[in-house]
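**Q** I am sharing my_file-v7.cif, which consists of mmCIF, N, CA and C atoms:
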```
data_start
#
loop_
_atom_site.label_atom_id
_atom_site.label_comp_id
_atom_site.auth_asym_id
_atom_site.auth_seq_id
_atom_site.Cartn_x
_atom_site.Cartn_y
_atom_site.Cartn_z
N GLN S 170 -7.27 -0.50 -10.00
CA GLN S 170 -6.95 -1.85 -9.57
C GLN S 170 -6.16 -1.78 -8.27
N VAL S 171 -6.52 -2.63 -7.32
CA VAL S 171 -5.82 -2.72 -6.04
C VAL S 171 -5.17 -4.09 -5.95
N HIS S 172 -3.90 -4.11 -5.62
CA HIS S 172 -3.17 -5.36 -5.47
C HIS S 172 -2.88 -5.57 -3.99
N LEU S 173 -3.23 -6.76 -3.49
CA LEU S 173 -3.08 -7.07 -2.07
C LEU S 173 -2.09 -8.22 -1.90
N VAL S 174 -1.18 -8.08 -0.96
CA VAL S 174 -0.20 -9.12 -0.69
C VAL S 174 -0.19 -9.42 0.81
N GLU S 175 -0.56 -10.65 1.16
CA GLU S 175 -0.55 -11.07 2.55
C GLU S 175 0.81 -11.65 2.93
N SER S 176 1.13 -11.56 4.21
CA SER S 176 2.33 -12.19 4.74
C SER S 176 2.10 -12.49 6.22
N GLY S 177 2.98 -13.32 6.78
CA GLY S 177 2.93 -13.59 8.21
C GLY S 177 2.33 -14.92 8.59
N GLY S 178 1.86 -15.68 7.61
CA GLY S 178 1.34 -16.99 7.94
C GLY S 178 2.44 -17.95 8.34
N GLY S 179 2.04 -19.12 8.82
CA GLY S 179 3.02 -20.11 9.22
C GLY S 179 2.40 -21.18 10.08
N SER S 180 3.25 -21.94 10.75
CA SER S 180 2.81 -23.01 11.62
C SER S 180 3.08 -22.64 13.07
N VAL S 181 2.14 -22.94 13.92
CA VAL S 181 2.27 -22.60 15.34
C VAL S 181 1.51 -23.64 16.15
N GLN S 182 1.92 -23.82 17.39
CA GLN S 182 1.21 -24.72 18.28
C GLN S 182 -0.02 -24.03 18.87
N ALA S 183 -0.97 -24.83 19.27
CA ALA S 183 -2.17 -24.30 19.91
C ALA S 183 -1.79 -23.40 21.09
N GLY S 184 -2.48 -22.28 21.20
CA GLY S 184 -2.18 -21.31 22.23
C GLY S 184 -1.21 -20.24 21.81
N GLY S 185 -0.58 -20.44 20.66
CA GLY S 185 0.39 -19.48 20.16
C GLY S 185 -0.25 -18.32 19.43
N SER S 186 0.61 -17.47 18.86
CA SER S 186 0.16 -16.25 18.19
C SER S 186 0.82 -16.10 16.83
N LEU S 187 0.12 -15.44 15.94
CA LEU S 187 0.66 -15.02 14.66
C LEU S 187 0.09 -13.66 14.32
N ARG S 188 0.84 -12.90 13.53
CA ARG S 188 0.35 -11.61 13.05
C ARG S 188 0.41 -11.60 11.54
N LEU S 189 -0.75 -11.50 10.92
CA LEU S 189 -0.83 -11.40 9.47
C LEU S 189 -0.80 -9.93 9.05
N SER S 190 -0.15 -9.68 7.95
CA SER S 190 -0.12 -8.35 7.36
C SER S 190 -0.65 -8.43 5.93
N CYS S 191 -1.24 -7.35 5.48
CA CYS S 191 -1.73 -7.26 4.11
C CYS S 191 -1.37 -5.87 3.58
N ALA S 192 -0.46 -5.86 2.61
CA ALA S 192 -0.03 -4.61 2.02
C ALA S 192 -0.81 -4.36 0.74
N ALA S 193 -1.33 -3.15 0.62
CA ALA S 193 -2.16 -2.80 -0.54
C ALA S 193 -1.45 -1.78 -1.42
N SER S 194 -1.64 -1.93 -2.71
CA SER S 194 -1.11 -0.96 -3.65
C SER S 194 -2.11 0.18 -3.85
N GLY S 195 -1.66 1.25 -4.48
CA GLY S 195 -2.57 2.31 -4.86
C GLY S 195 -2.68 3.43 -3.84
N ARG S 196 -3.40 4.48 -4.23
CA ARG S 196 -3.51 5.69 -3.42
C ARG S 196 -4.84 5.82 -2.72
N THR S 197 -5.71 4.82 -2.84
CA THR S 197 -7.05 4.94 -2.28
C THR S 197 -7.28 4.04 -1.07
N PHE S 198 -6.19 3.47 -0.53
CA PHE S 198 -6.33 2.52 0.58
C PHE S 198 -7.12 3.11 1.72
N SER S 199 -6.85 4.34 2.07
CA SER S 199 -7.48 4.94 3.25
C SER S 199 -8.98 5.14 3.07
N SER S 200 -9.48 5.02 1.86
CA SER S 200 -10.91 5.18 1.62
C SER S 200 -11.67 3.86 1.63
N CYS S 201 -10.93 2.75 1.72
CA CYS S 201 -11.54 1.42 1.54
C CYS S 201 -11.69 0.68 2.86
N ALA S 202 -12.84 0.07 3.05
CA ALA S 202 -12.96 -0.90 4.14
C ALA S 202 -12.19 -2.15 3.76
N MET S 203 -11.67 -2.84 4.77
CA MET S 203 -10.85 -4.03 4.55
C MET S 203 -11.40 -5.19 5.39
N GLY S 204 -11.12 -6.39 4.92
CA GLY S 204 -11.59 -7.56 5.65
C GLY S 204 -10.60 -8.71 5.57
N TRP S 205 -10.75 -9.63 6.50
CA TRP S 205 -10.02 -10.89 6.49
C TRP S 205 -11.04 -12.02 6.45
N PHE S 206 -10.78 -12.98 5.60
CA PHE S 206 -11.60 -14.18 5.47
C PHE S 206 -10.67 -15.38 5.53
N ARG S 207 -11.24 -16.56 5.73
CA ARG S 207 -10.42 -17.77 5.75
C ARG S 207 -11.18 -18.93 5.14
N GLN S 208 -10.42 -19.90 4.65
CA GLN S 208 -11.01 -21.09 4.07
C GLN S 208 -10.20 -22.30 4.49
N ALA S 209 -10.86 -23.20 5.21
CA ALA S 209 -10.25 -24.45 5.63
C ALA S 209 -10.51 -25.51 4.57
N PRO S 210 -9.69 -26.55 4.53
CA PRO S 210 -9.89 -27.62 3.53
C PRO S 210 -11.28 -28.22 3.62
N GLY S 211 -11.96 -28.30 2.48
CA GLY S 211 -13.28 -28.90 2.43
C GLY S 211 -14.40 -28.04 2.94
N LYS S 212 -14.08 -26.79 3.29
CA LYS S 212 -15.10 -25.89 3.83
C LYS S 212 -15.22 -24.64 2.97
N GLU S 213 -16.33 -23.94 3.11
CA GLU S 213 -16.52 -22.70 2.40
C GLU S 213 -15.71 -21.58 3.07
N ARG S 214 -15.43 -20.56 2.28
CA ARG S 214 -14.75 -19.40 2.83
C ARG S 214 -15.65 -18.73 3.85
N GLU S 215 -15.04 -18.27 4.95
CA GLU S 215 -15.84 -17.65 6.01
C GLU S 215 -15.23 -16.33 6.45
N PHE S 216 -16.08 -15.47 6.94
CA PHE S 216 -15.68 -14.16 7.44
C PHE S 216 -14.90 -14.31 8.74
N VAL S 217 -13.87 -13.49 8.89
CA VAL S 217 -13.09 -13.47 10.13
C VAL S 217 -13.21 -12.10 10.82
N ALA S 218 -12.87 -11.03 10.11
CA ALA S 218 -12.88 -9.70 10.70
C ALA S 218 -12.93 -8.65 9.60
N ALA S 219 -13.46 -7.47 9.94
CA ALA S 219 -13.53 -6.37 8.99
C ALA S 219 -13.35 -5.05 9.72
N ILE S 220 -12.83 -4.07 9.00
CA ILE S 220 -12.54 -2.77 9.59
C ILE S 220 -12.90 -1.68 8.59
N ASN S 221 -13.51 -0.60 9.06
CA ASN S 221 -13.88 0.47 8.14
C ASN S 221 -12.66 1.33 7.83
N TRP S 222 -12.86 2.39 7.06
CA TRP S 222 -11.73 3.17 6.55
C TRP S 222 -10.89 3.79 7.66
N SER S 223 -11.51 4.15 8.76
CA SER S 223 -10.79 4.86 9.81
C SER S 223 -10.35 3.95 10.96
N GLY S 224 -10.89 2.75 11.01
CA GLY S 224 -10.63 1.87 12.15
C GLY S 224 -11.64 2.06 13.27
N GLY S 225 -12.61 2.93 13.06
CA GLY S 225 -13.59 3.21 14.09
C GLY S 225 -14.75 2.24 14.15
N SER S 226 -14.88 1.39 13.15
CA SER S 226 -15.94 0.39 13.13
C SER S 226 -15.33 -0.94 12.75
N ILE S 227 -15.47 -1.92 13.63
CA ILE S 227 -14.82 -3.22 13.47
C ILE S 227 -15.83 -4.33 13.75
N TYR S 228 -15.78 -5.38 12.95
CA TYR S 228 -16.62 -6.55 13.16
C TYR S 228 -15.73 -7.78 13.28
N TYR S 229 -16.17 -8.73 14.08
CA TYR S 229 -15.48 -10.02 14.20
C TYR S 229 -16.49 -11.16 14.09
N ALA S 230 -16.04 -12.27 13.56
CA ALA S 230 -16.81 -13.50 13.66
C ALA S 230 -16.84 -13.94 15.12
N ASP S 231 -17.93 -14.56 15.53
CA ASP S 231 -18.04 -15.00 16.92
C ASP S 231 -16.91 -15.96 17.29
N SER S 232 -16.48 -16.75 16.33
CA SER S 232 -15.47 -17.78 16.60
C SER S 232 -14.10 -17.21 16.94
N VAL S 233 -13.85 -15.93 16.59
CA VAL S 233 -12.53 -15.34 16.84
C VAL S 233 -12.59 -14.16 17.80
N LYS S 234 -13.78 -13.75 18.18
CA LYS S 234 -13.94 -12.58 19.04
C LYS S 234 -13.21 -12.81 20.35
N GLY S 235 -12.43 -11.81 20.76
CA GLY S 235 -11.66 -11.91 21.99
C GLY S 235 -10.28 -12.52 21.81
N ARG S 236 -10.03 -13.11 20.63
CA ARG S 236 -8.72 -13.72 20.36
C ARG S 236 -7.98 -13.02 19.22
N PHE S 237 -8.72 -12.52 18.25
CA PHE S 237 -8.13 -11.87 17.08
C PHE S 237 -8.39 -10.36 17.16
N THR S 238 -7.45 -9.59 16.61
CA THR S 238 -7.59 -8.14 16.55
C THR S 238 -7.21 -7.66 15.16
N ILE S 239 -8.13 -6.95 14.52
CA ILE S 239 -7.86 -6.35 13.22
C ILE S 239 -7.50 -4.88 13.44
N SER S 240 -6.55 -4.40 12.65
CA SER S 240 -6.16 -3.00 12.74
C SER S 240 -5.63 -2.56 11.38
N ARG S 241 -5.44 -1.27 11.21
CA ARG S 241 -4.92 -0.76 9.95
C ARG S 241 -4.01 0.43 10.19
N ASP S 242 -3.08 0.61 9.27
CA ASP S 242 -2.17 1.74 9.29
C ASP S 242 -2.29 2.39 7.92
N ASN S 243 -3.10 3.42 7.81
CA ASN S 243 -3.37 4.01 6.50
C ASN S 243 -2.13 4.60 5.82
N PRO S 244 -1.26 5.31 6.55
CA PRO S 244 -0.06 5.83 5.87
C PRO S 244 0.83 4.72 5.30
N LYS S 245 0.74 3.52 5.87
CA LYS S 245 1.54 2.40 5.37
C LYS S 245 0.76 1.50 4.41
N ASN S 246 -0.49 1.85 4.13
CA ASN S 246 -1.32 1.03 3.23
C ASN S 246 -1.37 -0.43 3.67
N THR S 247 -1.50 -0.65 4.97
CA THR S 247 -1.42 -2.01 5.49
C THR S 247 -2.54 -2.27 6.49
N VAL S 248 -3.09 -3.47 6.43
CA VAL S 248 -4.05 -3.95 7.42
C VAL S 248 -3.45 -5.19 8.08
N TYR S 249 -3.74 -5.35 9.37
CA TYR S 249 -3.14 -6.43 10.17
C TYR S 249 -4.23 -7.29 10.78
N LEU S 250 -3.86 -8.52 11.07
CA LEU S 250 -4.71 -9.40 11.85
C LEU S 250 -3.83 -10.07 12.90
N GLN S 251 -3.95 -9.62 14.14
CA GLN S 251 -3.22 -10.23 15.26
C GLN S 251 -4.06 -11.39 15.77
N MET S 252 -3.46 -12.58 15.76
CA MET S 252 -4.18 -13.78 16.16
C MET S 252 -3.51 -14.38 17.39
N ASP S 253 -4.22 -14.37 18.49
CA ASP S 253 -3.72 -14.93 19.76
C ASP S 253 -4.56 -16.13 20.17
N SER S 254 -4.03 -16.89 21.10
CA SER S 254 -4.73 -18.07 21.62
C SER S 254 -5.25 -18.94 20.48
N LEU S 255 -4.39 -19.20 19.54
CA LEU S 255 -4.79 -19.95 18.35
C LEU S 255 -5.20 -21.36 18.69
N LYS S 256 -6.17 -21.85 17.92
CA LYS S 256 -6.71 -23.20 18.11
C LYS S 256 -6.51 -23.99 16.81
N PRO S 257 -6.50 -25.31 16.89
CA PRO S 257 -6.39 -26.11 15.65
C PRO S 257 -7.47 -25.77 14.63
N GLU S 258 -8.65 -25.42 15.09
CA GLU S 258 -9.74 -25.09 14.17
C GLU S 258 -9.54 -23.75 13.46
N ASP S 259 -8.52 -23.00 13.82
CA ASP S 259 -8.17 -21.78 13.09
C ASP S 259 -7.33 -22.09 11.85
N THR S 260 -6.92 -23.33 11.69
CA THR S 260 -6.13 -23.72 10.53
C THR S 260 -6.91 -23.47 9.24
N ALA S 261 -6.31 -22.69 8.34
CA ALA S 261 -6.98 -22.31 7.10
C ALA S 261 -6.02 -21.47 6.26
N VAL S 262 -6.43 -21.22 5.03
CA VAL S 262 -5.79 -20.17 4.24
C VAL S 262 -6.53 -18.87 4.54
N TYR S 263 -5.77 -17.86 4.91
CA TYR S 263 -6.35 -16.57 5.27
C TYR S 263 -6.18 -15.59 4.11
N TYR S 264 -7.28 -14.92 3.78
CA TYR S 264 -7.30 -13.99 2.66
C TYR S 264 -7.61 -12.58 3.15
N CYS S 265 -6.87 -11.64 2.62
CA CYS S 265 -7.15 -10.23 2.82
C CYS S 265 -8.03 -9.75 1.67
N ALA S 266 -8.97 -8.86 1.97
CA ALA S 266 -9.87 -8.37 0.93
C ALA S 266 -10.09 -6.87 1.11
N SER S 267 -10.28 -6.21 -0.01
CA SER S 267 -10.53 -4.76 0.00
C SER S 267 -11.84 -4.45 -0.71
N ARG S 268 -12.61 -3.56 -0.13
CA ARG S 268 -13.75 -3.05 -0.86
C ARG S 268 -13.23 -2.08 -1.94
N ALA S 269 -14.08 -1.76 -2.87
CA ALA S 269 -13.68 -0.84 -3.93
C ALA S 269 -13.40 0.54 -3.33
N PRO S 270 -12.57 1.35 -4.00
CA PRO S 270 -12.27 2.69 -3.50
C PRO S 270 -13.53 3.48 -3.17
N TYR S 271 -13.49 4.12 -1.99
CA TYR S 271 -14.56 4.98 -1.47
C TYR S 271 -15.75 4.19 -0.93
N TYR S 272 -15.67 2.86 -0.92
CA TYR S 272 -16.63 2.04 -0.19
C TYR S 272 -16.02 1.82 1.19
N SER S 273 -16.35 2.70 2.11
CA SER S 273 -15.61 2.79 3.36
C SER S 273 -16.22 2.00 4.52
N GLN S 274 -17.43 1.47 4.35
CA GLN S 274 -18.09 0.75 5.43
C GLN S 274 -17.64 -0.69 5.47
N ALA S 275 -17.35 -1.18 6.67
CA ALA S 275 -16.95 -2.58 6.82
C ALA S 275 -18.14 -3.50 6.54
N SER S 276 -17.83 -4.70 6.08
CA SER S 276 -18.87 -5.67 5.78
C SER S 276 -18.42 -7.08 6.14
N ARG S 277 -19.39 -7.90 6.57
CA ARG S 277 -19.12 -9.30 6.88
C ARG S 277 -19.25 -10.19 5.65
N TYR S 278 -19.70 -9.64 4.54
CA TYR S 278 -20.07 -10.45 3.39
C TYR S 278 -19.01 -10.40 2.30
N ASP S 279 -18.59 -11.57 1.84
CA ASP S 279 -17.48 -11.60 0.89
C ASP S 279 -17.84 -10.95 -0.44
N ASN S 280 -19.11 -10.93 -0.80
CA ASN S 280 -19.47 -10.32 -2.09
C ASN S 280 -19.43 -8.78 -2.04
N ALA S 281 -19.14 -8.23 -0.88
CA ALA S 281 -18.96 -6.78 -0.77
C ALA S 281 -17.55 -6.34 -1.15
N TYR S 282 -16.65 -7.29 -1.28
CA TYR S 282 -15.24 -6.99 -1.49
C TYR S 282 -14.86 -7.17 -2.95
N ALA S 283 -14.11 -6.20 -3.46
CA ALA S 283 -13.78 -6.19 -4.89
C ALA S 283 -12.42 -6.81 -5.20
N TYR S 284 -11.53 -6.77 -4.23
CA TYR S 284 -10.15 -7.21 -4.48
C TYR S 284 -9.72 -8.18 -3.38
N TRP S 285 -8.95 -9.19 -3.80
CA TRP S 285 -8.52 -10.25 -2.89
C TRP S 285 -7.03 -10.53 -3.06
N GLY S 286 -6.38 -10.86 -1.93
CA GLY S 286 -5.01 -11.31 -1.98
C GLY S 286 -4.93 -12.78 -2.36
N GLN S 287 -3.71 -13.26 -2.43
CA GLN S 287 -3.49 -14.64 -2.86
C GLN S 287 -3.66 -15.64 -1.71
N GLY S 288 -3.68 -15.15 -0.49
CA GLY S 288 -3.86 -16.01 0.67
C GLY S 288 -2.55 -16.41 1.32
N THR S 289 -2.61 -16.66 2.62
CA THR S 289 -1.46 -17.13 3.36
C THR S 289 -1.92 -18.25 4.30
N GLN S 290 -1.14 -19.32 4.35
CA GLN S 290 -1.53 -20.50 5.12
C GLN S 290 -1.22 -20.31 6.60
N VAL S 291 -2.19 -20.63 7.42
CA VAL S 291 -2.00 -20.67 8.88
C VAL S 291 -2.33 -22.09 9.33
N THR S 292 -1.38 -22.72 10.00
CA THR S 292 -1.56 -24.08 10.49
C THR S 292 -1.32 -24.10 11.99
N VAL S 293 -2.31 -24.57 12.74
CA VAL S 293 -2.21 -24.64 14.20
C VAL S 293 -2.27 -26.10 14.61
N SER S 294 -1.23 -26.56 15.27
CA SER S 294 -1.17 -27.95 15.68
C SER S 294 -1.52 -28.07 17.16
N SER S 295 -2.09 -29.21 17.51
CA SER S 295 -2.52 -29.43 18.90
C SER S 295 -1.40 -30.04 19.72
#
```
Please render this file's structure as C-alpha cells.
**A**
Amino acid sequence: QVHLVESGGGSVQAGGSLRLSCAASGRTFSSCAMGWFRQAPGKEREFVAAINWSGGSIYYADSVKGRFTISRDNPKNTVYLQMDSLKPEDTAVYYCASRAPYYSQASRYDNAYAYWGQGTQVTVSS
C-alpha cells in the first residue's frame, strides 16, 4: 500500500506561482511512475503531468505545457508540480497519483494509477 499526501495548494492571483508537493510512503517510490491530475467543479478529472521512475520521461497536458514543471526527488519520496503563470482556468483540486510498484512508465491515463492522494485545492483569481 502506498500513501500519498499532497501539500502546497492555496489561493493566488492570475500570473502567480504555486509549488505542489506529494510525499509518498513506502520503499518502492523510486520504481513507480507518478502523475498529477486535477478536477474543477462540475468537470471530469483531467490529466496534468506525469513522470517516469527516473525523471527521464515526462508528459504534460497541452493546457499546462510551458507553464507547469513536474519533477521528483527519489531519496525524499516526493514528487513536485511547479505551477507558474497561473490562470483562473487552472482552479481545481489537484491530485497526486502513483502507479503500482515497478510500473515505472509514465501515463496520461488515470486508470493506470493505483494510488491517489486526498487532493489539494488551487484557486486562481483574476
**Q** Using the chain letters and numbers from this file, what does the PyMOL selection byres (((chain S and resi 237 and name CA) around 12) and name CA) select? Give the answer as a ChimeraX atom specification.
**A** /S:185-189,205,217-219,227-236,238-240,249-256,259
**Q** Can you turn the PyMOL selection byres ((chain S and resi 274) around 8) into a concrete residue list for this file, as a list in words?
**A**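 When the PyMOL selection byres ((chain S and resi 274) around 8) is applied, the selected residues are Ser200, Cys201, Ala202, Met203, Ala219, Ile220, Asn221, Trp222, Ser223, Ser226, Arg268, Tyr271, Tyr272, Ser273, Ala275, Ser276 and Arg277 of chain S.
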**Q** Produce a file of the selected residues containing N, CA and C atoms, as an mmCIF file, in the coordinates of the input.
**A**
```
data_model
loop_
_atom_site.group_PDB
_atom_site.id
_atom_site.type_symbol
_atom_site.label_atom_id
_atom_site.label_comp_id
_atom_site.auth_asym_id
_atom_site.auth_seq_id
_atom_site.Cartn_x
_atom_site.Cartn_y
_atom_site.Cartn_z
ATOM 1 N N SER S 200 -9.480 5.020 1.860
ATOM 2 C CA SER S 200 -10.910 5.180 1.620
ATOM 3 C C SER S 200 -11.670 3.860 1.630
ATOM 4 N N CYS S 201 -10.930 2.750 1.720
ATOM 5 C CA CYS S 201 -11.540 1.420 1.540
ATOM 6 C C CYS S 201 -11.690 0.680 2.860
ATOM 7 N N ALA S 202 -12.840 0.070 3.050
ATOM 8 C CA ALA S 202 -12.960 -0.900 4.140
ATOM 9 C C ALA S 202 -12.190 -2.150 3.760
ATOM 10 N N MET S 203 -11.670 -2.840 4.770
ATOM 11 C CA MET S 203 -10.850 -4.030 4.550
ATOM 12 C C MET S 203 -11.400 -5.190 5.390
ATOM 13 N N ALA S 219 -13.460 -7.470 9.940
ATOM 14 C CA ALA S 219 -13.530 -6.370 8.990
ATOM 15 C C ALA S 219 -13.350 -5.050 9.720
ATOM 16 N N ILE S 220 -12.830 -4.070 9.000
ATOM 17 C CA ILE S 220 -12.540 -2.770 9.590
ATOM 18 C C ILE S 220 -12.900 -1.680 8.590
ATOM 19 N N ASN S 221 -13.510 -0.600 9.060
ATOM 20 C CA ASN S 221 -13.880 0.470 8.140
ATOM 21 C C ASN S 221 -12.660 1.330 7.830
ATOM 22 N N TRP S 222 -12.860 2.390 7.060
ATOM 23 C CA TRP S 222 -11.730 3.170 6.550
ATOM 24 C C TRP S 222 -10.890 3.790 7.660
ATOM 25 N N SER S 223 -11.510 4.150 8.760
ATOM 26 C CA SER S 223 -10.790 4.860 9.810
ATOM 27 C C SER S 223 -10.350 3.950 10.960
ATOM 28 N N SER S 226 -14.880 1.390 13.150
ATOM 29 C CA SER S 226 -15.940 0.390 13.130
ATOM 30 C C SER S 226 -15.330 -0.940 12.750
ATOM 31 N N ARG S 268 -12.610 -3.560 -0.130
ATOM 32 C CA ARG S 268 -13.750 -3.050 -0.860
ATOM 33 C C ARG S 268 -13.230 -2.080 -1.940
ATOM 34 N N TYR S 271 -13.490 4.120 -1.990
ATOM 35 C CA TYR S 271 -14.560 4.980 -1.470
ATOM 36 C C TYR S 271 -15.750 4.190 -0.930
ATOM 37 N N TYR S 272 -15.670 2.860 -0.920
ATOM 38 C CA TYR S 272 -16.630 2.040 -0.190
ATOM 39 C C TYR S 272 -16.020 1.820 1.190
ATOM 40 N N SER S 273 -16.350 2.700 2.110
ATOM 41 C CA SER S 273 -15.610 2.790 3.360
ATOM 42 C C SER S 273 -16.220 2.000 4.520
ATOM 43 N N ALA S 275 -17.350 -1.180 6.670
ATOM 44 C CA ALA S 275 -16.950 -2.580 6.820
ATOM 45 C C ALA S 275 -18.140 -3.500 6.540
ATOM 46 N N SER S 276 -17.830 -4.700 6.080
ATOM 47 C CA SER S 276 -18.870 -5.670 5.780
ATOM 48 C C SER S 276 -18.420 -7.080 6.140
ATOM 49 N N ARG S 277 -19.390 -7.900 6.570
ATOM 50 C CA ARG S 277 -19.120 -9.300 6.880
ATOM 51 C C ARG S 277 -19.250 -10.190 5.650
#
```
**Q** Would you please extract all strand (DSSP E) residues from stretch 180-285 of chain S, as assigned by DSSP on the backbone, and give them as a CSV table (one decimal) with N, CA and C atoms, keeping the file's coordinate frame?
**A**
```csv
chain,number,residue,atom,x,y,z
S,180,SER,N,3.2,-21.9,10.8
S,180,SER,CA,2.8,-23.0,11.6
S,180,SER,C,3.1,-22.6,13.1
S,181,VAL,N,2.1,-22.9,13.9
S,181,VAL,CA,2.3,-22.6,15.3
S,181,VAL,C,1.5,-23.6,16.2
S,182,GLN,N,1.9,-23.8,17.4
S,182,GLN,CA,1.2,-24.7,18.3
S,182,GLN,C,0.0,-24.0,18.9
S,187,LEU,N,0.1,-15.4,15.9
S,187,LEU,CA,0.7,-15.0,14.7
S,187,LEU,C,0.1,-13.7,14.3
S,188,ARG,N,0.8,-12.9,13.5
S,188,ARG,CA,0.4,-11.6,13.0
S,188,ARG,C,0.4,-11.6,11.5
S,189,LEU,N,-0.8,-11.5,10.9
S,189,LEU,CA,-0.8,-11.4,9.5
S,189,LEU,C,-0.8,-9.9,9.0
S,190,SER,N,-0.2,-9.7,8.0
S,190,SER,CA,-0.1,-8.4,7.4
S,190,SER,C,-0.6,-8.4,5.9
S,191,CYS,N,-1.2,-7.4,5.5
S,191,CYS,CA,-1.7,-7.3,4.1
S,191,CYS,C,-1.4,-5.9,3.6
S,192,ALA,N,-0.5,-5.9,2.6
S,192,ALA,CA,0.0,-4.6,2.0
S,192,ALA,C,-0.8,-4.4,0.7
S,193,ALA,N,-1.3,-3.2,0.6
S,193,ALA,CA,-2.2,-2.8,-0.5
S,193,ALA,C,-1.4,-1.8,-1.4
S,203,MET,N,-11.7,-2.8,4.8
S,203,MET,CA,-10.8,-4.0,4.6
S,203,MET,C,-11.4,-5.2,5.4
S,204,GLY,N,-11.1,-6.4,4.9
S,204,GLY,CA,-11.6,-7.6,5.6
S,204,GLY,C,-10.6,-8.7,5.6
S,205,TRP,N,-10.8,-9.6,6.5
S,205,TRP,CA,-10.0,-10.9,6.5
S,205,TRP,C,-11.0,-12.0,6.4
S,206,PHE,N,-10.8,-13.0,5.6
S,206,PHE,CA,-11.6,-14.2,5.5
S,206,PHE,C,-10.7,-15.4,5.5
S,207,ARG,N,-11.2,-16.6,5.7
S,207,ARG,CA,-10.4,-17.8,5.8
S,207,ARG,C,-11.2,-18.9,5.1
S,208,GLN,N,-10.4,-19.9,4.6
S,208,GLN,CA,-11.0,-21.1,4.1
S,208,GLN,C,-10.2,-22.3,4.5
S,215,GLU,N,-15.0,-18.3,5.0
S,215,GLU,CA,-15.8,-17.6,6.0
S,215,GLU,C,-15.2,-16.3,6.4
S,216,PHE,N,-16.1,-15.5,6.9
S,216,PHE,CA,-15.7,-14.2,7.4
S,216,PHE,C,-14.9,-14.3,8.7
S,217,VAL,N,-13.9,-13.5,8.9
S,217,VAL,CA,-13.1,-13.5,10.1
S,217,VAL,C,-13.2,-12.1,10.8
S,218,ALA,N,-12.9,-11.0,10.1
S,218,ALA,CA,-12.9,-9.7,10.7
S,218,ALA,C,-12.9,-8.6,9.6
S,219,ALA,N,-13.5,-7.5,9.9
S,219,ALA,CA,-13.5,-6.4,9.0
S,219,ALA,C,-13.4,-5.0,9.7
S,220,ILE,N,-12.8,-4.1,9.0
S,220,ILE,CA,-12.5,-2.8,9.6
S,220,ILE,C,-12.9,-1.7,8.6
S,227,ILE,N,-15.5,-1.9,13.6
S,227,ILE,CA,-14.8,-3.2,13.5
S,227,ILE,C,-15.8,-4.3,13.8
S,228,TYR,N,-15.8,-5.4,13.0
S,228,TYR,CA,-16.6,-6.6,13.2
S,228,TYR,C,-15.7,-7.8,13.3
S,229,TYR,N,-16.2,-8.7,14.1
S,229,TYR,CA,-15.5,-10.0,14.2
S,229,TYR,C,-16.5,-11.2,14.1
S,237,PHE,N,-8.7,-12.5,18.2
S,237,PHE,CA,-8.1,-11.9,17.1
S,237,PHE,C,-8.4,-10.4,17.2
S,238,THR,N,-7.4,-9.6,16.6
S,238,THR,CA,-7.6,-8.1,16.6
S,238,THR,C,-7.2,-7.7,15.2
S,239,ILE,N,-8.1,-7.0,14.5
S,239,ILE,CA,-7.9,-6.4,13.2
S,239,ILE,C,-7.5,-4.9,13.4
S,240,SER,N,-6.6,-4.4,12.6
S,240,SER,CA,-6.2,-3.0,12.7
S,240,SER,C,-5.6,-2.6,11.4
S,241,ARG,N,-5.4,-1.3,11.2
S,241,ARG,CA,-4.9,-0.8,10.0
S,241,ARG,C,-4.0,0.4,10.2
S,242,ASP,N,-3.1,0.6,9.3
S,242,ASP,CA,-2.2,1.7,9.3
S,242,ASP,C,-2.3,2.4,7.9
S,247,THR,N,-1.5,-0.6,5.0
S,247,THR,CA,-1.4,-2.0,5.5
S,247,THR,C,-2.5,-2.3,6.5
S,248,VAL,N,-3.1,-3.5,6.4
S,248,VAL,CA,-4.0,-4.0,7.4
S,248,VAL,C,-3.4,-5.2,8.1
S,249,TYR,N,-3.7,-5.4,9.4
S,249,TYR,CA,-3.1,-6.4,10.2
S,249,TYR,C,-4.2,-7.3,10.8
S,250,LEU,N,-3.9,-8.5,11.1
S,250,LEU,CA,-4.7,-9.4,11.8
S,250,LEU,C,-3.8,-10.1,12.9
S,251,GLN,N,-4.0,-9.6,14.1
S,251,GLN,CA,-3.2,-10.2,15.3
S,251,GLN,C,-4.1,-11.4,15.8
S,252,MET,N,-3.5,-12.6,15.8
S,252,MET,CA,-4.2,-13.8,16.2
S,252,MET,C,-3.5,-14.4,17.4
S,261,ALA,N,-6.3,-22.7,8.3
S,261,ALA,CA,-7.0,-22.3,7.1
S,261,ALA,C,-6.0,-21.5,6.3
S,262,VAL,N,-6.4,-21.2,5.0
S,262,VAL,CA,-5.8,-20.2,4.2
S,262,VAL,C,-6.5,-18.9,4.5
S,263,TYR,N,-5.8,-17.9,4.9
S,263,TYR,CA,-6.4,-16.6,5.3
S,263,TYR,C,-6.2,-15.6,4.1
S,264,TYR,N,-7.3,-14.9,3.8
S,264,TYR,CA,-7.3,-14.0,2.7
S,264,TYR,C,-7.6,-12.6,3.2
S,265,CYS,N,-6.9,-11.6,2.6
S,265,CYS,CA,-7.2,-10.2,2.8
S,265,CYS,C,-8.0,-9.8,1.7
S,266,ALA,N,-9.0,-8.9,2.0
S,266,ALA,CA,-9.9,-8.4,0.9
S,266,ALA,C,-10.1,-6.9,1.1
S,267,SER,N,-10.3,-6.2,0.0
S,267,SER,CA,-10.5,-4.8,0.0
S,267,SER,C,-11.8,-4.4,-0.7
S,284,TYR,N,-11.5,-6.8,-4.2
S,284,TYR,CA,-10.2,-7.2,-4.5
S,284,TYR,C,-9.7,-8.2,-3.4
S,285,TRP,N,-9.0,-9.2,-3.8
S,285,TRP,CA,-8.5,-10.2,-2.9
S,285,TRP,C,-7.0,-10.5,-3.1
```
**Q** I'd like the contact shell of S:Lys245 - 8 Å cut-off, only N, CA and C atoms, skipping same-chain residues fewer than 6 positions apart - returned as a list in words.
**A**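 Contacts, with the query itself left out: Cys191, Ala192 and Ala193 of chain S.
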**Q** Which value, in Å to one decimal, gives the distance between atom C of S:Gly179 and atom N of S:Asp242?
**A** 22.5 Å
**Q** From a DSSP calculation on the backbone, collect every residue of stretch 201-268 of chain S in helix (DSSP H, G or I) and output the set as a list in words.
**A**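 Result set for stretch 201-268 of chain S (helix (DSSP H, G or I)): Asn243, Pro244, Lys245, Pro257, Glu258 and Asp259 of chain S.
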